[in-house]
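First the structure, in the form of structure tokens, and then the observations on it.
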There are 2 protein chains.
Amino acid sequence: MDEWFAGIEAGGTKFNCIIARDPQQVLAETRIDTTTPGETIPKVCEFLKKSINGSGIKISRIGLGFFGPLDLNPRSSTYGSITTTPKLAWRNIPVLSLIQDELGIPATIDTDVNAAAVGEGYWGAARGLDDYVYITIGTGIGGGVVVHGKPVHGMIHPELGHIVVNHDRIVDPFMGSCPYHLDCWEGLAAGPAILQRWHTPAQFLPDDHPAWDLEADYIAQALQTIILALSPQMIILGGGVMNHTGLLEKIRIRTKTILNRYVDHPAIEQHIDQYIIPPALGNRAGVLGAVALAIKQT
Amino acid sequence: MDEWFAGIEAGGTKFNCIIARDPQQVLAETRIDTTTPGETIPKVCEFLKKSINGSGIKISRIGLGFFGPLDLNPRSSTYGSITTTPKLAWRNIPVLSLIQDELGIPATIDTDVNAAAVGEGYWGAARGLDDYVYITIGTGIGGGVVVHGKPVHGMIHPELGHIVVNHDRIVDPFMGSCPYHLDCWEGLAAGPAILQRWHTPAQFLPDDHPAWDLEADYIAQALQTIILALSPQMIILGGGVMNHTGLLEKIRIRTKTILNRYVDHPAIEQHIDQYIIPPALGNRAGVLGAVALAIKQT
């Protein structure tokens, strides 16, 4: 029987679903709106069932990359559930067991960003690396962290978007947009912060607008912290805000400047253009990462 | 033959040396001044040789917990060397091979703080945990990070003291004391920063001095970042500054306050007094951790 894997990337607006073996061999792919668990999850299962039925293919395992926070402790009675999300309909929903039980196929779950990190390690920019970080900067900021070759969970899982950055209120009087911390990294640098500060969506701010130097500074500050706390071998930066031309190069220069030769390593001092890079899998990092999660656990 | 292990904790002022099997079974212990490699390393070797000679004991392995930055990449030609330290006499000194070759005993090297973290995991506060952090706050700030049961190295190794904190210059006009970054965590919160800001050494500042609320705030900010970047199951806080009565409790309260229920986990919300704790091995965490490094690699 023809053996395949399913990947589901569950985000706040869409579920991206794929049946694939690798980035080139894709059997079926679809997007389903994120509404309520009672509506969205059956549609996801329906898509997978339809793709299997009568086709002679078998899905060996499903990988789930979900928005969080998630319970990823295998010894917990609520393992594989979403926990305290502000998306109320999804709070305490046992997404892993709902999908596994409906389809009778074993599944592996992790955060959407950990899945994307695993995908970049399996097929993308971080092949062969044991220690690296995948960050997405868009309507929120999230990060997947791989250490010793495996995604980090620990107490819960990293929530990189909410780390502390230095907020100089004279340079930037904007108070921040995070409902929990106001001026954490996400509160100062995600899409909504850019919109609220400049009253213009990020994609309409011209290249020479001061927004981009400020944005690069906040991201570089967070990268200083991430480099010194996690010592990654590579940092992958994706997400909608990163699509802005020139931002990545500003971030590289600013990160090197503020580290100020403290980390005296060729990756920073000579090859920062190969150290802070975009995802090789582009905007499919998450859904293909979910497939990689499934394959790696088979 | 009677089998023992050696531990060497190498700091900026002293080398702590021990021959032990565990915290209770200690055969010999000494402190040697840190001067130059040509003077200090022979003295360390002499101590170990004297303790072995004619005693019928055997040292199976030596654990080294060294000040850094260190080259910890086993594939590097300078593996086991100190790299860019400001202590010029020690720059580029291959401490691992010098000690191994002189004594003919295999050795394991890691940073002093990673060694202390391993020690706390083996005998101390973090027994049974796979993901935790050991931090020392004294003349500098350093952190050892254990993820998936092993100390983190990655590109180099973590340098937690230099992560970014939010510096409100109206509340705290002190510019910071870090020679690389001025107002990073260490630059605002280590012993020298306290001395320069208040013109009084930390140990002479009374309990009700505003220094302690400011200190707790900077430490809590760093812990917010560490909790969200690494998701540790426990944070161990040691070092001279932490000896101040009441500081630990201030830090716990402040950390919980600024996280603002974002990490909705019982370890933070209900049991933070068991989550942010002092080292169980006290000021012997480093040297016993070096012994644990040796034992774990045997």
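In the structure tokens, the first chain shown is A, the next is B, and so on; residue numbers restart at 1 for each chain, and ligands run from 1 in the order shown.
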Per-residue nearest contacts of chain A to chain B (7 Å; only C-alpha atoms) as CSV:
residue,atom,partner,partner_atom,distance
A:Asp131,CA,B:Gly154,CA,5.3
A:Val147,CA,B:Val147,CA,6.9
A:His153,CA,B:Ser231,CA,6.6
A:Gly154,CA,B:Ser231,CA,5.1
A:Met155,CA,B:Gln233,CA,4.7
A:Ile156,CA,B:Ser231,CA,6.1
A:His157,CA,B:Ser231,CA,5.5
A:Pro158,CA,B:Ala229,CA,5.0
A:Glu159,CA,B:Leu228,CA,4.9
A:Leu160,CA,B:Ala229,CA,5.1
A:His162,CA,B:Leu228,CA,6.6
A:Ile163,CA,B:Thr225,CA,4.4
A:Val164,CA,B:Thr225,CA,5.7
A:Val165,CA,B:Asn166,CA,5.7
A:Asn166,CA,B:Asn166,CA,3.9
A:His167,CA,B:Asn166,CA,6.0
A:Tyr180,CA,B:Asn260,CA,6.0
A:Gln221,CA,B:Val164,CA,6.7
A:Gln224,CA,B:Ile163,CA,6.6
A:Thr225,CA,B:Ile163,CA,4.4
A:Leu228,CA,B:Glu159,CA,4.9
A:Ala229,CA,B:Pro158,CA,5.0
A:Leu230,CA,B:Pro158,CA,5.6
A:Ser231,CA,B:Gly154,CA,5.1
A:Pro232,CA,B:Gly154,CA,5.2
A:Gln233,CA,B:Met155,CA,4.7
A:Asn260,CA,B:Tyr180,CA,6.0
A:Tyr262,CA,B:Tyr180,CA,6.4
Export of prior selection with N, CA and C atoms as a PDB file, in the first residue's frame:
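Listed below is the output, selection_18.pdb:
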ATOM      1  N   ASP A 131      20.804  22.765  16.906  1.00  0.00           N
ATOM      2  CA  ASP A 131      20.415  23.873  17.788  1.00  0.00           C
ATOM      3  C   ASP A 131      20.118  25.103  16.938  1.00  0.00           C
ATOM      4  N   VAL A 147      16.730  22.295  20.365  1.00  0.00           N
ATOM      5  CA  VAL A 147      17.979  22.147  21.118  1.00  0.00           C
ATOM      6  C   VAL A 147      18.313  20.661  21.182  1.00  0.00           C
ATOM      7  N   HIS A 153      10.191  21.821  24.891  1.00  0.00           N
ATOM      8  CA  HIS A 153       8.921  21.983  25.583  1.00  0.00           C
ATOM      9  C   HIS A 153       9.184  22.513  26.986  1.00  0.00           C
ATOM     10  N   GLY A 154       9.894  21.747  27.828  1.00  0.00           N
ATOM     11  CA  GLY A 154      10.151  22.176  29.199  1.00  0.00           C
ATOM     12  C   GLY A 154       8.853  22.259  29.967  1.00  0.00           C
ATOM     13  N   MET A 155       8.672  23.336  30.737  1.00  0.00           N
ATOM     14  CA  MET A 155       7.461  23.492  31.551  1.00  0.00           C
ATOM     15  C   MET A 155       6.212  23.478  30.658  1.00  0.00           C
ATOM     16  N   ILE A 156       6.218  24.253  29.589  1.00  0.00           N
ATOM     17  CA  ILE A 156       5.089  24.295  28.635  1.00  0.00           C
ATOM     18  C   ILE A 156       5.709  24.213  27.237  1.00  0.00           C
ATOM     19  N   HIS A 157       6.105  25.338  26.689  1.00  0.00           N
ATOM     20  CA  HIS A 157       6.885  25.446  25.455  1.00  0.00           C
ATOM     21  C   HIS A 157       7.279  26.911  25.362  1.00  0.00           C
ATOM     22  N   PRO A 158       8.336  27.220  24.617  1.00  0.00           N
ATOM     23  CA  PRO A 158       8.730  28.636  24.520  1.00  0.00           C
ATOM     24  C   PRO A 158       7.597  29.495  23.954  1.00  0.00           C
ATOM     25  N   GLU A 159       7.580  30.731  24.383  1.00  0.00           N
ATOM     26  CA  GLU A 159       6.656  31.745  23.850  1.00  0.00           C
ATOM     27  C   GLU A 159       7.502  32.976  23.558  1.00  0.00           C
ATOM     28  N   LEU A 160       8.352  32.840  22.537  1.00  0.00           N
ATOM     29  CA  LEU A 160       9.389  33.853  22.302  1.00  0.00           C
ATOM     30  C   LEU A 160       8.850  35.260  22.074  1.00  0.00           C
ATOM     31  N   HIS A 162       6.966  37.036  23.675  1.00  0.00           N
ATOM     32  CA  HIS A 162       6.704  37.865  24.854  1.00  0.00           C
ATOM     33  C   HIS A 162       7.942  38.124  25.702  1.00  0.00           C
ATOM     34  N   ILE A 163       9.138  37.922  25.137  1.00  0.00           N
ATOM     35  CA  ILE A 163      10.354  38.270  25.873  1.00  0.00           C
ATOM     36  C   ILE A 163      10.481  39.794  25.980  1.00  0.00           C
ATOM     37  N   VAL A 164      11.332  40.225  26.905  1.00  0.00           N
ATOM     38  CA  VAL A 164      11.503  41.651  27.204  1.00  0.00           C
ATOM     39  C   VAL A 164      12.483  42.293  26.210  1.00  0.00           C
ATOM     40  N   VAL A 165      12.130  43.472  25.711  1.00  0.00           N
ATOM     41  CA  VAL A 165      13.091  44.290  24.976  1.00  0.00           C
ATOM     42  C   VAL A 165      13.182  45.642  25.671  1.00  0.00           C
ATOM     43  N   ASN A 166      14.192  46.415  25.327  1.00  0.00           N
ATOM     44  CA  ASN A 166      14.403  47.721  25.944  1.00  0.00           C
ATOM     45  C   ASN A 166      13.570  48.757  25.188  1.00  0.00           C
ATOM     46  N   HIS A 167      12.647  49.370  25.888  1.00  0.00           N
ATOM     47  CA  HIS A 167      11.708  50.317  25.277  1.00  0.00           C
ATOM     48  C   HIS A 167      12.084  51.737  25.710  1.00  0.00           C
ATOM     49  N   TYR A 180      -1.150  41.444  27.604  1.00  0.00           N
ATOM     50  CA  TYR A 180      -0.586  40.949  28.863  1.00  0.00           C
ATOM     51  C   TYR A 180       0.532  41.842  29.393  1.00  0.00           C
ATOM     52  N   GLN A 221      17.320  43.511  19.117  1.00  0.00           N
ATOM     53  CA  GLN A 221      17.404  43.353  20.574  1.00  0.00           C
ATOM     54  C   GLN A 221      16.952  41.951  20.983  1.00  0.00           C
ATOM     55  N   GLN A 224      19.570  39.518  20.068  1.00  0.00           N
ATOM     56  CA  GLN A 224      20.681  39.533  21.043  1.00  0.00           C
ATOM     57  C   GLN A 224      20.338  38.598  22.204  1.00  0.00           C
ATOM     58  N   THR A 225      19.150  38.763  22.757  1.00  0.00           N
ATOM     59  CA  THR A 225      18.728  37.927  23.882  1.00  0.00           C
ATOM     60  C   THR A 225      18.673  36.451  23.482  1.00  0.00           C
ATOM     61  N   LEU A 228      22.130  34.979  23.138  1.00  0.00           N
ATOM     62  CA  LEU A 228      22.848  34.816  24.405  1.00  0.00           C
ATOM     63  C   LEU A 228      22.157  33.830  25.341  1.00  0.00           C
ATOM     64  N   ALA A 229      20.861  33.627  25.171  1.00  0.00           N
ATOM     65  CA  ALA A 229      20.154  32.674  26.041  1.00  0.00           C
ATOM     66  C   ALA A 229      20.193  31.260  25.472  1.00  0.00           C
ATOM     67  N   LEU A 230      20.139  31.125  24.152  1.00  0.00           N
ATOM     68  CA  LEU A 230      19.993  29.801  23.532  1.00  0.00           C
ATOM     69  C   LEU A 230      21.197  29.376  22.706  1.00  0.00           C
ATOM     70  N   SER A 231      22.046  30.319  22.335  1.00  0.00           N
ATOM     71  CA  SER A 231      23.245  30.032  21.540  1.00  0.00           C
ATOM     72  C   SER A 231      22.919  29.198  20.295  1.00  0.00           C
ATOM     73  N   PRO A 232      21.910  29.637  19.512  1.00  0.00           N
ATOM     74  CA  PRO A 232      21.548  28.835  18.330  1.00  0.00           C
ATOM     75  C   PRO A 232      22.635  28.878  17.263  1.00  0.00           C
ATOM     76  N   GLN A 233      22.678  27.835  16.447  1.00  0.00           N
ATOM     77  CA  GLN A 233      23.617  27.789  15.313  1.00  0.00           C
ATOM     78  C   GLN A 233      23.049  28.520  14.101  1.00  0.00           C
ATOM     79  N   ASN A 260      28.119  43.874  19.620  1.00  0.00           N
ATOM     80  CA  ASN A 260      29.377  44.590  19.869  1.00  0.00           C
ATOM     81  C   ASN A 260      30.556  43.647  20.119  1.00  0.00           C
ATOM     82  N   TYR A 262      30.778  40.858  21.380  1.00  0.00           N
ATOM     83  CA  TYR A 262      30.797  40.024  22.597  1.00  0.00           C
ATOM     84  C   TYR A 262      30.809  38.537  22.245  1.00  0.00           C
TER      85      TYR A 262
END
Per DSSP on the backbone, filter range 226-256 of chain B down to the residues in helix (DSSP H, G or I) and report them as a VMD selection string. chain B and resid 226 to 230 240 to 243 247 to 256
For this session: Compile the contact shell of range 207-212 of chain B as JSON, numbers by chain: residues with an atom at most 8 Å away, counting only C-alpha atoms, same-chain residues fewer than 6 positions apart removed.
Result: {"B": [194, 198, 245, 246, 247]}
| said: Which residues are close to range 114-122 of chain B, i.e. within 10 Å by only C-alpha atoms, leaving aside same-chain residues fewer than 5 positions away? Reply as a ChimeraX atom specification. | reply: /B:7-9,22-23,63-66,109,127-136,142-146,149-153,157-158,235-236,238,279-296
As an NGL selection string, please: the residues near Leu214 in chain A (cut-off 9 Å, only C-alpha atoms, same-chain neighbours under 3 positions excluded). :A and (171-172 or 189 or 210-211 or 217-219)
Skip Ser51 in chain A itself and residues of its chain fewer than 5 positions away, then list as a PDB file with N, CA and C atoms, in the first residue's frame all residues within 12 Å of it, counting only C-alpha atoms.
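Writing done, so here's part-v7.pdb:
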ATOM      1  N   TRP A   4       1.722   7.485   2.982  1.00  0.00           N
ATOM      2  CA  TRP A   4       1.849   8.937   3.014  1.00  0.00           C
ATOM      3  C   TRP A   4       1.719   9.460   4.444  1.00  0.00           C
ATOM      4  N   PHE A   5       1.929  10.783   4.577  1.00  0.00           N
ATOM      5  CA  PHE A   5       1.793  11.438   5.878  1.00  0.00           C
ATOM      6  C   PHE A   5       0.908  12.673   5.724  1.00  0.00           C
ATOM      7  N   ALA A   6       0.183  13.002   6.784  1.00  0.00           N
ATOM      8  CA  ALA A   6      -0.621  14.225   6.759  1.00  0.00           C
ATOM      9  C   ALA A   6       0.007  15.275   7.665  1.00  0.00           C
ATOM     10  N   CYS A  17      -3.865  22.128   5.443  1.00  0.00           N
ATOM     11  CA  CYS A  17      -3.820  20.664   5.527  1.00  0.00           C
ATOM     12  C   CYS A  17      -3.126  20.127   4.277  1.00  0.00           C
ATOM     13  N   ILE A  18      -2.289  19.118   4.474  1.00  0.00           N
ATOM     14  CA  ILE A  18      -1.546  18.580   3.348  1.00  0.00           C
ATOM     15  C   ILE A  18      -1.372  17.072   3.523  1.00  0.00           C
ATOM     16  N   ILE A  19      -1.331  16.352   2.415  1.00  0.00           N
ATOM     17  CA  ILE A  19      -0.914  14.949   2.433  1.00  0.00           C
ATOM     18  C   ILE A  19       0.321  14.884   1.550  1.00  0.00           C
ATOM     19  N   ALA A  20       1.435  14.486   2.131  1.00  0.00           N
ATOM     20  CA  ALA A  20       2.705  14.591   1.408  1.00  0.00           C
ATOM     21  C   ALA A  20       3.707  13.609   1.970  1.00  0.00           C
ATOM     22  N   VAL A  26       3.540  15.938  -3.127  1.00  0.00           N
ATOM     23  CA  VAL A  26       2.336  16.370  -2.419  1.00  0.00           C
ATOM     24  C   VAL A  26       1.127  15.752  -3.110  1.00  0.00           C
ATOM     25  N   LEU A  27       0.333  15.014  -2.348  1.00  0.00           N
ATOM     26  CA  LEU A  27      -0.811  14.316  -2.918  1.00  0.00           C
ATOM     27  C   LEU A  27      -2.055  15.197  -2.935  1.00  0.00           C
ATOM     28  N   ALA A  28      -2.268  15.942  -1.853  1.00  0.00           N
ATOM     29  CA  ALA A  28      -3.453  16.798  -1.756  1.00  0.00           C
ATOM     30  C   ALA A  28      -3.159  17.898  -0.751  1.00  0.00           C
ATOM     31  N   GLU A  29      -3.852  19.010  -0.911  1.00  0.00           N
ATOM     32  CA  GLU A  29      -3.595  20.175  -0.063  1.00  0.00           C
ATOM     33  C   GLU A  29      -4.876  20.992   0.000  1.00  0.00           C
ATOM     34  N   THR A  30      -5.196  21.545   1.172  1.00  0.00           N
ATOM     35  CA  THR A  30      -6.368  22.420   1.248  1.00  0.00           C
ATOM     36  C   THR A  30      -6.227  23.398   2.404  1.00  0.00           C
ATOM     37  N   VAL A  44     -11.610  19.158   8.561  1.00  0.00           N
ATOM     38  CA  VAL A  44     -10.237  18.678   8.377  1.00  0.00           C
ATOM     39  C   VAL A  44     -10.245  17.161   8.211  1.00  0.00           C
ATOM     40  N   CYS A  45     -10.995  16.475   9.073  1.00  0.00           N
ATOM     41  CA  CYS A  45     -11.040  15.009   9.017  1.00  0.00           C
ATOM     42  C   CYS A  45     -11.683  14.556   7.705  1.00  0.00           C
ATOM     43  N   GLU A  46     -12.711  15.279   7.281  1.00  0.00           N
ATOM     44  CA  GLU A  46     -13.393  14.971   6.017  1.00  0.00           C
ATOM     45  C   GLU A  46     -12.418  15.042   4.838  1.00  0.00           C
ATOM     46  N   GLY A  56      -6.352   3.795  -2.492  1.00  0.00           N
ATOM     47  CA  GLY A  56      -5.256   2.842  -2.314  1.00  0.00           C
ATOM     48  C   GLY A  56      -4.088   3.410  -1.542  1.00  0.00           C
ATOM     49  N   ILE A  57      -4.245   4.634  -0.995  1.00  0.00           N
ATOM     50  CA  ILE A  57      -3.147   5.166  -0.192  1.00  0.00           C
ATOM     51  C   ILE A  57      -3.454   4.995   1.290  1.00  0.00           C
ATOM     52  N   LYS A  58      -2.369   5.050   2.074  1.00  0.00           N
ATOM     53  CA  LYS A  58      -2.498   4.939   3.518  1.00  0.00           C
ATOM     54  C   LYS A  58      -1.782   6.129   4.148  1.00  0.00           C
ATOM     55  N   ILE A  59      -2.431   6.775   5.128  1.00  0.00           N
ATOM     56  CA  ILE A  59      -1.737   7.811   5.909  1.00  0.00           C
ATOM     57  C   ILE A  59      -1.219   7.140   7.177  1.00  0.00           C
TER      58      ILE A  59
END
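Near Val241 in chain A, within 9 Å and counting only C-alpha atoms, sit Thr136, Ile137, Gly138, Thr139, Ala190, Gly191, Ala202, Gln203 and Leu247 of chain A, not including residues fewer than 6 positions from it in the same chain.
We find CA of Met242 in chain A and CA of Gly140 in chain A to be spaced 12.1 Å apart.
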Exercise. Assign secondary structure with DSSP using the backbone only, and return the residues of range 120-176 of chain B in strand (DSSP E or B) as a PyMOL selection string.
Key: chain B and resi 132-137+141-147+150-151+164
